[in-house]
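Here is the file my_file.pdb (PDB, C-alpha atoms and all ligand atoms).
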ATOM      1  CA  MET A   1     -69.572  11.591 -84.333  1.00  0.00           C
ATOM      2  CA  ILE A   2     -66.677  13.388 -86.030  1.00  0.00           C
ATOM      3  CA  VAL A   3     -63.839  14.791 -83.930  1.00  0.00           C
ATOM      4  CA  ALA A   4     -61.687  17.186 -85.994  1.00  0.00           C
ATOM      5  CA  ILE A   5     -58.121  17.804 -84.853  1.00  0.00           C
ATOM      6  CA  ASP A   6     -56.338  20.554 -86.768  1.00  0.00           C
ATOM      7  CA  GLY A   7     -53.144  22.519 -86.216  1.00  0.00           C
ATOM      8  CA  PRO A   8     -49.606  23.135 -87.476  1.00  0.00           C
ATOM      9  CA  ALA A   9     -46.780  20.586 -87.789  1.00  0.00           C
ATOM     10  CA  GLY A  10     -45.325  19.612 -84.434  1.00  0.00           C
ATOM     11  CA  ALA A  11     -48.331  20.704 -82.353  1.00  0.00           C
ATOM     12  CA  GLY A  12     -48.861  17.059 -81.395  1.00  0.00           C
ATOM     13  CA  LYS A  13     -51.794  16.233 -83.669  1.00  0.00           C
ATOM     14  CA  SER A  14     -50.806  12.734 -84.774  1.00  0.00           C
ATOM     15  CA  THR A  15     -49.909  11.324 -81.389  1.00  0.00           C
ATOM     16  CA  VAL A  16     -52.921  12.910 -79.737  1.00  0.00           C
ATOM     17  CA  ALA A  17     -55.402  11.987 -82.466  1.00  0.00           C
ATOM     18  CA  ARG A  18     -54.249   8.379 -82.647  1.00  0.00           C
ATOM     19  CA  LEU A  19     -54.389   7.884 -78.880  1.00  0.00           C
ATOM     20  CA  LEU A  20     -57.696   9.681 -78.588  1.00  0.00           C
ATOM     21  CA  ALA A  21     -59.231   7.445 -81.260  1.00  0.00           C
ATOM     22  CA  GLU A  22     -57.952   4.375 -79.442  1.00  0.00           C
ATOM     23  CA  ARG A  23     -59.376   5.523 -76.101  1.00  0.00           C
ATOM     24  CA  LEU A  24     -62.748   6.400 -77.560  1.00  0.00           C
ATOM     25  CA  GLY A  25     -62.924   3.330 -79.809  1.00  0.00           C
ATOM     26  CA  PHE A  26     -63.235   5.661 -82.834  1.00  0.00           C
ATOM     27  CA  ARG A  27     -61.584   5.192 -86.206  1.00  0.00           C
ATOM     28  CA  TYR A  28     -58.596   7.399 -86.967  1.00  0.00           C
ATOM     29  CA  LEU A  29     -58.026   9.211 -90.254  1.00  0.00           C
ATOM     30  CA  ASP A  30     -54.699  10.925 -90.949  1.00  0.00           C
ATOM     31  CA  THR A  31     -55.314  13.279 -93.881  1.00  0.00           C
ATOM     32  CA  GLY A  32     -51.693  14.485 -93.944  1.00  0.00           C
ATOM     33  CA  ALA A  33     -50.666  10.915 -94.797  1.00  0.00           C
ATOM     34  CA  MET A  34     -52.879  11.145 -97.880  1.00  0.00           C
ATOM     35  CA  TYR A  35     -51.095  14.240 -99.237  1.00  0.00           C
ATOM     36  CA  ARG A  36     -47.806  12.557 -98.389  1.00  0.00           C
ATOM     37  CA  ALA A  37     -48.735   9.376-100.255  1.00  0.00           C
ATOM     38  CA  LEU A  38     -49.737  11.365-103.343  1.00  0.00           C
ATOM     39  CA  THR A  39     -46.411  13.225-103.222  1.00  0.00           C
ATOM     40  CA  TRP A  40     -44.595   9.897-103.018  1.00  0.00           C
ATOM     41  CA  LEU A  41     -46.492   8.580-106.053  1.00  0.00           C
ATOM     42  CA  ALA A  42     -45.945  11.759-108.069  1.00  0.00           C
ATOM     43  CA  ARG A  43     -42.215  11.442-107.594  1.00  0.00           C
ATOM     44  CA  ARG A  44     -42.231   7.789-108.458  1.00  0.00           C
ATOM     45  CA  ARG A  45     -44.207   8.471-111.649  1.00  0.00           C
ATOM     46  CA  GLY A  46     -42.139  11.526-112.528  1.00  0.00           C
ATOM     47  CA  VAL A  47     -45.113  13.910-112.376  1.00  0.00           C
ATOM     48  CA  ALA A  48     -43.850  17.466-111.865  1.00  0.00           C
ATOM     49  CA  LEU A  49     -45.148  18.943-108.624  1.00  0.00           C
ATOM     50  CA  ASP A  50     -46.351  22.140-110.294  1.00  0.00           C
ATOM     51  CA  ARG A  51     -48.735  20.268-112.623  1.00  0.00           C
ATOM     52  CA  ALA A  52     -51.962  20.625-110.665  1.00  0.00           C
ATOM     53  CA  ALA A  53     -54.239  18.902-113.194  1.00  0.00           C
ATOM     54  CA  GLU A  54     -51.920  15.905-113.569  1.00  0.00           C
ATOM     55  CA  LEU A  55     -51.583  15.574-109.822  1.00  0.00           C
ATOM     56  CA  ALA A  56     -55.351  15.764-109.367  1.00  0.00           C
ATOM     57  CA  LEU A  57     -55.781  13.040-111.985  1.00  0.00           C
ATOM     58  CA  LEU A  58     -53.167  10.912-110.256  1.00  0.00           C
ATOM     59  CA  ALA A  59     -55.053  11.357-106.972  1.00  0.00           C
ATOM     60  CA  THR A  60     -58.356  10.414-108.605  1.00  0.00           C
ATOM     61  CA  GLU A  61     -56.925   7.324-110.260  1.00  0.00           C
ATOM     62  CA  HIS A  62     -55.004   6.165-107.190  1.00  0.00           C
ATOM     63  CA  PRO A  63     -57.037   6.730-104.042  1.00  0.00           C
ATOM     64  CA  VAL A  64     -55.057   6.423-100.826  1.00  0.00           C
ATOM     65  CA  GLY A  65     -56.098   3.577 -98.533  1.00  0.00           C
ATOM     66  CA  PHE A  66     -55.507   2.588 -94.919  1.00  0.00           C
ATOM     67  CA  ASP A  67     -55.654  -0.806 -93.264  1.00  0.00           C
ATOM     68  CA  GLU A  68     -56.835  -1.625 -89.746  1.00  0.00           C
ATOM     69  CA  GLN A  69     -53.368  -0.977 -88.339  1.00  0.00           C
ATOM     70  CA  GLY A  70     -53.240   2.444 -89.953  1.00  0.00           C
ATOM     71  CA  ARG A  71     -50.767   1.425 -92.649  1.00  0.00           C
ATOM     72  CA  VAL A  72     -50.931   3.660 -95.702  1.00  0.00           C
ATOM     73  CA  PHE A  73     -51.274   2.325 -99.261  1.00  0.00           C
ATOM     74  CA  ILE A  74     -51.237   3.888-102.699  1.00  0.00           C
ATOM     75  CA  ASP A  75     -51.070   2.211-106.106  1.00  0.00           C
ATOM     76  CA  GLY A  76     -50.547  -1.173-104.443  1.00  0.00           C
ATOM     77  CA  SER A  77     -47.530  -0.076-102.368  1.00  0.00           C
ATOM     78  CA  ASP A  78     -47.260   0.131 -98.603  1.00  0.00           C
ATOM     79  CA  VAL A  79     -45.818   3.632 -98.172  1.00  0.00           C
ATOM     80  CA  THR A  80     -46.240   3.924 -94.395  1.00  0.00           C
ATOM     81  CA  SER A  81     -42.597   4.602 -93.670  1.00  0.00           C
ATOM     82  CA  SER A  82     -41.454   6.122 -96.987  1.00  0.00           C
ATOM     83  CA  ILE A  83     -43.891   9.033 -96.626  1.00  0.00           C
ATOM     84  CA  ARG A  84     -42.199  10.110 -93.369  1.00  0.00           C
ATOM     85  CA  ARG A  85     -38.846  10.818 -94.989  1.00  0.00           C
ATOM     86  CA  PRO A  86     -37.393  14.365 -95.019  1.00  0.00           C
ATOM     87  CA  ASP A  87     -37.648  14.663 -98.819  1.00  0.00           C
ATOM     88  CA  ILE A  88     -41.398  14.102 -98.609  1.00  0.00           C
ATOM     89  CA  ASP A  89     -41.629  16.542 -95.633  1.00  0.00           C
ATOM     90  CA  LYS A  90     -40.192  19.208 -97.912  1.00  0.00           C
ATOM     91  CA  LEU A  91     -42.208  18.485-101.040  1.00  0.00           C
ATOM     92  CA  VAL A  92     -45.650  17.703 -99.666  1.00  0.00           C
ATOM     93  CA  PRO A  93     -46.695  21.355 -99.099  1.00  0.00           C
ATOM     94  CA  VAL A  94     -46.096  22.004-102.811  1.00  0.00           C
ATOM     95  CA  VAL A  95     -48.556  19.257-103.705  1.00  0.00           C
ATOM     96  CA  ALA A  96     -51.059  20.150-100.976  1.00  0.00           C
ATOM     97  CA  ARG A  97     -51.205  23.755-102.179  1.00  0.00           C
ATOM     98  CA  HIS A  98     -53.049  23.050-105.431  1.00  0.00           C
ATOM     99  CA  PRO A  99     -56.806  23.632-105.091  1.00  0.00           C
ATOM    100  CA  GLN A 100     -57.522  20.938-107.720  1.00  0.00           C
ATOM    101  CA  VAL A 101     -55.582  18.386-105.701  1.00  0.00           C
ATOM    102  CA  ARG A 102     -57.304  19.447-102.486  1.00  0.00           C
ATOM    103  CA  GLU A 103     -60.727  19.010-104.087  1.00  0.00           C
ATOM    104  CA  VAL A 104     -59.994  15.356-104.898  1.00  0.00           C
ATOM    105  CA  MET A 105     -58.395  14.678-101.533  1.00  0.00           C
ATOM    106  CA  ARG A 106     -61.221  16.288 -99.603  1.00  0.00           C
ATOM    107  CA  GLU A 107     -63.814  14.172-101.400  1.00  0.00           C
ATOM    108  CA  ARG A 108     -61.883  11.049-100.505  1.00  0.00           C
ATOM    109  CA  GLN A 109     -61.468  12.240 -96.919  1.00  0.00           C
ATOM    110  CA  ARG A 110     -65.206  12.823 -96.617  1.00  0.00           C
ATOM    111  CA  ALA A 111     -65.877   9.339 -97.969  1.00  0.00           C
ATOM    112  CA  LEU A 112     -63.391   7.725 -95.569  1.00  0.00           C
ATOM    113  CA  GLY A 113     -64.766   9.728 -92.643  1.00  0.00           C
ATOM    114  CA  SER A 114     -68.430   9.245 -93.414  1.00  0.00           C
ATOM    115  CA  GLU A 115     -69.172   6.149 -91.388  1.00  0.00           C
ATOM    116  CA  GLY A 116     -69.503   5.819 -87.643  1.00  0.00           C
ATOM    117  CA  ASN A 117     -67.313   7.577 -85.139  1.00  0.00           C
ATOM    118  CA  VAL A 118     -64.027   8.969 -86.344  1.00  0.00           C
ATOM    119  CA  VAL A 119     -61.159  11.222 -85.290  1.00  0.00           C
ATOM    120  CA  ILE A 120     -59.902  13.115 -88.356  1.00  0.00           C
ATOM    121  CA  GLU A 121     -56.569  14.889 -88.220  1.00  0.00           C
ATOM    122  CA  GLY A 122     -55.354  17.593 -90.619  1.00  0.00           C
ATOM    123  CA  ARG A 123     -55.272  21.317 -91.337  1.00  0.00           C
ATOM    124  CA  ASP A 124     -58.684  22.076 -92.813  1.00  0.00           C
ATOM    125  CA  ILE A 125     -60.915  19.437 -91.239  1.00  0.00           C
ATOM    126  CA  GLY A 126     -62.994  21.708 -89.005  1.00  0.00           C
ATOM    127  CA  THR A 127     -63.181  24.432 -91.653  1.00  0.00           C
ATOM    128  CA  VAL A 128     -63.685  22.634 -94.984  1.00  0.00           C
ATOM    129  CA  VAL A 129     -63.589  18.818 -94.916  1.00  0.00           C
ATOM    130  CA  ALA A 130     -66.054  18.361 -92.062  1.00  0.00           C
ATOM    131  CA  PRO A 131     -67.451  21.717 -90.929  1.00  0.00           C
ATOM    132  CA  GLN A 132     -70.312  19.740 -89.376  1.00  0.00           C
ATOM    133  CA  ALA A 133     -67.917  17.965 -86.951  1.00  0.00           C
ATOM    134  CA  GLN A 134     -69.424  17.866 -83.468  1.00  0.00           C
ATOM    135  CA  VAL A 135     -66.049  18.440 -81.815  1.00  0.00           C
ATOM    136  CA  LYS A 136     -63.357  20.691 -83.301  1.00  0.00           C
ATOM    137  CA  VAL A 137     -59.995  21.107 -81.672  1.00  0.00           C
ATOM    138  CA  TYR A 138     -57.128  23.290 -82.879  1.00  0.00           C
ATOM    139  CA  LEU A 139     -53.782  22.383 -81.340  1.00  0.00           C
ATOM    140  CA  VAL A 140     -50.966  24.925 -81.077  1.00  0.00           C
ATOM    141  CA  ALA A 141     -47.533  24.953 -79.414  1.00  0.00           C
ATOM    142  CA  ASP A 142     -44.501  27.220 -79.142  1.00  0.00           C
ATOM    143  CA  GLU A 143     -42.178  27.050 -82.108  1.00  0.00           C
ATOM    144  CA  GLN A 144     -39.261  25.721 -80.046  1.00  0.00           C
ATOM    145  CA  VAL A 145     -41.297  22.904 -78.570  1.00  0.00           C
ATOM    146  CA  ARG A 146     -42.627  21.998 -81.995  1.00  0.00           C
ATOM    147  CA  ALA A 147     -39.089  21.858 -83.407  1.00  0.00           C
ATOM    148  CA  ALA A 148     -37.972  19.693 -80.472  1.00  0.00           C
ATOM    149  CA  ARG A 149     -40.839  17.275 -81.095  1.00  0.00           C
ATOM    150  CA  ARG A 150     -39.952  17.068 -84.765  1.00  0.00           C
ATOM    151  CA  SER A 151     -36.368  16.256 -83.890  1.00  0.00           C
ATOM    152  CA  THR A 152     -37.535  13.171 -81.976  1.00  0.00           C
ATOM    153  CA  GLU A 153     -39.446  12.088 -85.072  1.00  0.00           C
ATOM    154  CA  ARG A 154     -36.571  12.885 -87.436  1.00  0.00           C
ATOM    155  CA  PRO A 155     -33.347  11.994 -85.656  1.00  0.00           C
ATOM    156  CA  GLY A 156     -30.250  12.908 -87.616  1.00  0.00           C
ATOM    157  CA  ILE A 157     -31.425  16.341 -88.717  1.00  0.00           C
ATOM    158  CA  GLY A 158     -29.825  19.254 -86.865  1.00  0.00           C
ATOM    159  CA  ALA A 159     -31.899  21.498 -84.589  1.00  0.00           C
ATOM    160  CA  ASP A 160     -31.323  24.631 -86.710  1.00  0.00           C
ATOM    161  CA  ALA A 161     -32.235  22.846 -89.902  1.00  0.00           C
ATOM    162  CA  LEU A 162     -35.413  21.542 -88.278  1.00  0.00           C
ATOM    163  CA  ALA A 163     -36.433  24.974 -87.011  1.00  0.00           C
ATOM    164  CA  THR A 164     -35.904  26.489 -90.469  1.00  0.00           C
ATOM    165  CA  ASP A 165     -37.740  23.584 -92.041  1.00  0.00           C
ATOM    166  CA  LEU A 166     -40.685  24.058 -89.699  1.00  0.00           C
ATOM    167  CA  ARG A 167     -40.846  27.777 -90.450  1.00  0.00           C
ATOM    168  CA  LEU A 168     -40.857  27.105 -94.182  1.00  0.00           C
ATOM    169  CA  ARG A 169     -43.558  24.491 -93.787  1.00  0.00           C
ATOM    170  CA  ASP A 170     -45.683  26.876 -91.730  1.00  0.00           C
ATOM    171  CA  GLU A 171     -45.400  29.490 -94.471  1.00  0.00           C
ATOM    172  CA  ARG A 172     -46.311  27.007 -97.178  1.00  0.00           C
ATOM    173  CA  ASP A 173     -49.163  25.486 -95.196  1.00  0.00           C
ATOM    174  CA  ALA A 174     -50.482  28.865 -93.991  1.00  0.00           C
ATOM    175  CA  VAL A 175     -53.238  29.265 -96.584  1.00  0.00           C
ATOM    176  CA  ASN A 176     -54.960  26.121 -95.430  1.00  0.00           C
ATOM    177  CA  MET A 177     -54.222  26.555 -91.784  1.00  0.00           C
ATOM    178  CA  ARG A 178     -56.679  28.520 -89.755  1.00  0.00           C
ATOM    179  CA  PRO A 179     -58.829  27.435 -86.870  1.00  0.00           C
ATOM    180  CA  ALA A 180     -62.565  27.068 -87.388  1.00  0.00           C
ATOM    181  CA  ALA A 181     -64.487  29.826 -85.636  1.00  0.00           C
ATOM    182  CA  ASP A 182     -66.036  27.226 -83.337  1.00  0.00           C
ATOM    183  CA  ALA A 183     -62.827  25.237 -82.674  1.00  0.00           C
ATOM    184  CA  ILE A 184     -61.510  24.873 -79.155  1.00  0.00           C
ATOM    185  CA  GLN A 185     -57.862  25.887 -79.119  1.00  0.00           C
ATOM    186  CA  ILE A 186     -55.483  23.909 -76.894  1.00  0.00           C
ATOM    187  CA  ASP A 187     -51.898  25.041 -76.363  1.00  0.00           C
ATOM    188  CA  THR A 188     -49.871  21.845 -75.936  1.00  0.00           C
ATOM    189  CA  THR A 189     -46.561  23.572 -75.106  1.00  0.00           C
ATOM    190  CA  ASP A 190     -46.634  22.604 -71.424  1.00  0.00           C
ATOM    191  CA  LEU A 191     -48.915  19.599 -71.634  1.00  0.00           C
ATOM    192  CA  ASP A 192     -48.005  15.982 -72.148  1.00  0.00           C
ATOM    193  CA  VAL A 193     -49.900  13.767 -74.561  1.00  0.00           C
ATOM    194  CA  GLY A 194     -52.044  12.198 -71.827  1.00  0.00           C
ATOM    195  CA  GLU A 195     -53.186  15.616 -70.614  1.00  0.00           C
ATOM    196  CA  VAL A 196     -54.150  16.788 -74.085  1.00  0.00           C
ATOM    197  CA  VAL A 197     -56.033  13.555 -74.795  1.00  0.00           C
ATOM    198  CA  ALA A 198     -57.848  13.784 -71.441  1.00  0.00           C
ATOM    199  CA  ARG A 199     -58.981  17.337 -72.225  1.00  0.00           C
ATOM    200  CA  ILE A 200     -60.356  16.392 -75.596  1.00  0.00           C
ATOM    201  CA  GLU A 201     -62.030  13.318 -74.142  1.00  0.00           C
ATOM    202  CA  GLU A 202     -63.842  15.560 -71.683  1.00  0.00           C
ATOM    203  CA  ILE A 203     -65.056  17.731 -74.545  1.00  0.00           C
ATOM    204  CA  VAL A 204     -66.269  14.656 -76.440  1.00  0.00           C
ATOM    205  CA  VAL A 205     -68.087  13.265 -73.397  1.00  0.00           C
ATOM    206  CA  ALA A 206     -69.737  16.645 -72.740  1.00  0.00           C
ATOM    207  CA  GLN A 207     -70.806  16.881 -76.372  1.00  0.00           C
ATOM    208  CA  ARG A 208     -72.248  13.357 -76.333  1.00  0.00           C
ATOM    209  CA  SER A 209     -74.407  14.028 -73.333  1.00  0.00           C
ATOM    210  CA  ALA A 210     -75.520  17.467 -74.607  1.00  0.00           C
TER
HETATM  211  O1  LIG B   1     -49.681  16.644 -90.900  1.00  0.00           O
HETATM  212  P1  LIG B   1     -48.623  16.273 -91.933  1.00  0.00           P
HETATM  213  O2  LIG B   1     -47.298  16.882 -91.659  1.00  0.00           O
HETATM  214  O3  LIG B   1     -48.521  14.810 -92.178  1.00  0.00           O
HETATM  215  O4  LIG B   1     -49.164  16.925 -93.289  1.00  0.00           O
HETATM  216  C1  LIG B   1     -48.464  16.774 -94.500  1.00  0.00           C
HETATM  217  C2  LIG B   1     -48.721  17.972 -95.409  1.00  0.00           C
HETATM  218  O5  LIG B   1     -50.040  17.969 -95.906  1.00  0.00           O
HETATM  219  C3  LIG B   1     -48.469  19.335 -94.809  1.00  0.00           C
HETATM  220  O6  LIG B   1     -47.764  20.115 -95.758  1.00  0.00           O
HETATM  221  C4  LIG B   1     -49.835  19.920 -94.618  1.00  0.00           C
HETATM  222  C5  LIG B   1     -50.657  19.218 -95.649  1.00  0.00           C
HETATM  223  N1  LIG B   1     -52.016  18.963 -95.201  1.00  0.00           N
HETATM  224  C6  LIG B   1     -53.004  19.779 -95.683  1.00  0.00           C
HETATM  225  O7  LIG B   1     -52.729  20.719 -96.418  1.00  0.00           O
HETATM  226  N2  LIG B   1     -54.292  19.522 -95.328  1.00  0.00           N
HETATM  227  C7  LIG B   1     -54.593  18.498 -94.510  1.00  0.00           C
HETATM  228  N3  LIG B   1     -55.869  18.269 -94.181  1.00  0.00           N
HETATM  229  C8  LIG B   1     -53.574  17.680 -94.000  1.00  0.00           C
HETATM  230  C9  LIG B   1     -52.270  17.943 -94.356  1.00  0.00           C
END

Using the file provided, produce a representation of the structure as structure tokens.
Ligand code: DC
Amino acid sequence: MIVAIDGPAGAGKSTVARLLAERLGFRYLDTGAMYRALTWLARRRGVALDRAAELALLATEHPVGFDEQGRVFIDGSDVTSSIRRPDIDKLVPVVARHPQVREVMRERQRALGSEGNVVIEGRDIGTVVAPQAQVKVYLVADEQVRAARRSTERPGIGADALATDLRLRDERDAVNMRPAADAIQIDTTDLDVGEVVARIEEIVVAQRSA
């Protein structure tokens, strides 16, 4: 079974998807980490972020990998923490915007998500990567709450800067960010992680016994 969790930055996807996978005993695939890792490698190799074909080639030649603990690897480097830095936050939408890059990444995502039960988190999972997913959830939250959540993840950045940053990211991500027609939308503004996970678990259980 594939459970697709999509939604904008700060809606709670990562925390929810990771915990959900753990509770269900499913694998967890973070597709945002893959675009982040490619951005990290492009910078390291000096590949300009507007060169779609070169970036797509880089992605093909250096597939992103994950270990059992969810650590992220590219080109032999463990990039788990470096891909969460603010410079990558800013640049990754530029990389993720190129259709040629997305084609390569989506193929890899389909390969990584093809076996057994998996929770896949991203922006276009329910629409493009895995439209056949048996459960599709689209998480949303108020802008203020999303900015507050980001500030816990990125201490040291001011609240105003984070809100602006989030708005810019939304604009850049917008083309790839729409809910699948058959996705169940959950507003996480007033819910804690446990409540969101419990709701999705119910949907999964109902789907399994359908
Ligand atoms: O979820 P995140 O912040 O780690 O995602 C990083 C970037 O990658 C963000 O700009 C959105 C983009 N992304 C995407 O375009 N498609 C996905 N399936 C996952 C992430």

Query - Nearest candidate to ligand LIG 1 (chain B) (options A:Asp50, A:Glu61, A:Glu103, A:Asp6; using all atoms listed in the file) - result: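 Closest residue, counting all atoms listed in the file: A:Asp6.
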
**Report entry** Test item: residues lying within 8 Å of ligand LIG 1 (chain B) with only C-alpha atoms and all ligand atoms, as number ranges by chain
**Finding:** A: 6, 8-10, 13-14, 30-36, 84, 89-94, 96-97, 102, 106, 121-125, 129, 169, 172-173, 176-177

Report task. Please indicate the distance in Å from CA of Ile186 in chain A to CA of Gly65 in chain A, rounded to one decimal place. Result ->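 Straight-line distance from CA of Ile186 in chain A to CA of Gly65 in chain A works out to 29.7 Å.
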
May I have the residues within 7 Å of Asp187 in chain A as an mmCIF file with C-alpha atoms, in the frame of the given file, using all atoms listed in the file and disregarding those fewer than 4 positions away in the same chain?
data_model
loop_
_atom_site.group_PDB
_atom_site.id
_atom_site.type_symbol
_atom_site.label_atom_id
_atom_site.label_comp_id
_atom_site.auth_asym_id
_atom_site.auth_seq_id
_atom_site.Cartn_x
_atom_site.Cartn_y
_atom_site.Cartn_z
ATOM 1 C CA LEU A 139 -53.782 22.383 -81.340
ATOM 2 C CA VAL A 140 -50.966 24.925 -81.077
ATOM 3 C CA ALA A 141 -47.533 24.953 -79.414
#

Query raised in the report: Which is closest to Glu54 in chain A among A:Val104, A:Val16, A:Val204, A:Ala11, if we use all atoms listed in the file?
Result: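 Checking each of A:Val104, A:Val16, A:Val204, A:Ala11 against Glu54 in chain A, counting all atoms listed in the file, the winner is A:Val104.
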
Query raised in the report: Which protein, DNA or RNA residues have an atom at most 8 Å from (-53.4, 18.2, -109.7), counting all atoms listed in the file? List them as a PyMOL selection string.
Result: chain A and resi 51-59+95+98-101

**Report entry** the PyMOL selection byres (((chain A and resi 119) around 10) and not hetatm) resolved against shown file, as a PyMOL selection string
**Finding:** chain A and resi 1-5+17-22+24-30+113+117-118+120-121+133+135-136

Query raised in the report: Hey, what comes out of the PyMOL selection byres (((chain A and resi 159) around 12) and not hetatm) on this file? Could you write it as a ChimeraX atom specification?
Result: /A:143-152,154-158,160-166

**Report entry** Selection under test: the PyMOL selection byres (((chain A and resi 197) around 9) and not hetatm); residues as a list in words
**Finding:**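 Expected selection for the PyMOL selection byres (((chain A and resi 197) around 9) and not hetatm) here is Val16, Ala17, Leu19, Leu20, Arg23, Asp192, Val193, Gly194, Glu195, Val196, Ala198, Arg199, Ile200, Glu201 and Glu202 of chain A.
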
Selected residues written out with C-alpha atoms, as a PDB file, keeping the file's coordinate frame:
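The file below, part39.pdb, is the result:
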ATOM      1  CA  VAL A  16     -52.921  12.910 -79.737  1.00  0.00           C
ATOM      2  CA  ALA A  17     -55.402  11.987 -82.466  1.00  0.00           C
ATOM      3  CA  LEU A  19     -54.389   7.884 -78.880  1.00  0.00           C
ATOM      4  CA  LEU A  20     -57.696   9.681 -78.588  1.00  0.00           C
ATOM      5  CA  ARG A  23     -59.376   5.523 -76.101  1.00  0.00           C
ATOM      6  CA  ASP A 192     -48.005  15.982 -72.148  1.00  0.00           C
ATOM      7  CA  VAL A 193     -49.900  13.767 -74.561  1.00  0.00           C
ATOM      8  CA  GLY A 194     -52.044  12.198 -71.827  1.00  0.00           C
ATOM      9  CA  GLU A 195     -53.186  15.616 -70.614  1.00  0.00           C
ATOM     10  CA  VAL A 196     -54.150  16.788 -74.085  1.00  0.00           C
ATOM     11  CA  ALA A 198     -57.848  13.784 -71.441  1.00  0.00           C
ATOM     12  CA  ARG A 199     -58.981  17.337 -72.225  1.00  0.00           C
ATOM     13  CA  ILE A 200     -60.356  16.392 -75.596  1.00  0.00           C
ATOM     14  CA  GLU A 201     -62.030  13.318 -74.142  1.00  0.00           C
ATOM     15  CA  GLU A 202     -63.842  15.560 -71.683  1.00  0.00           C
TER      16      GLU A 202
END

As AutoDock Vina command-line options: centre and edge lengths in Å, one decimal, of the axis-aligned box holding range 119-135 of chain A with 6 Å per side:
--center_x -62.8 --center_y 17.8 --center_z -88.4 --size_x 27.0 --size_y 25.2 --size_z 25.2

With a distance cut-off of 8 Å and all atoms listed in the file, select the neighbouring residues of Asp75 in chain A, excluding the residue or stretch itself and same-chain residues fewer than 2 positions from it, and output the selection as a PDB file with C-alpha atoms, in the coordinates of the input.
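Written output follows (part_2.pdb):
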ATOM      1  CA  LEU A  41     -46.492   8.580-106.053  1.00  0.00           C
ATOM      2  CA  HIS A  62     -55.004   6.165-107.190  1.00  0.00           C
ATOM      3  CA  PRO A  63     -57.037   6.730-104.042  1.00  0.00           C
ATOM      4  CA  VAL A  64     -55.057   6.423-100.826  1.00  0.00           C
ATOM      5  CA  PHE A  73     -51.274   2.325 -99.261  1.00  0.00           C
ATOM      6  CA  SER A  77     -47.530  -0.076-102.368  1.00  0.00           C
TER       7      SER A  77
END

Query raised in the report: If you measure from CA of Ile88 in chain A to CA of Ala37 in chain A, what distance in Å do you get, rounded to one decimal?
Result: 8.9 Å

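Interatomic distance, CA of Trp40 in chain A against CA of Val128 in chain A: 24.3 Å.
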
Query raised in the report: Hey, which of A:Ile203, A:Ala174, A:Leu38, A:Val72 ends up closest to Met105 in chain A? Count only C-alpha atoms.
Result: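 Closest candidate: A:Leu38.
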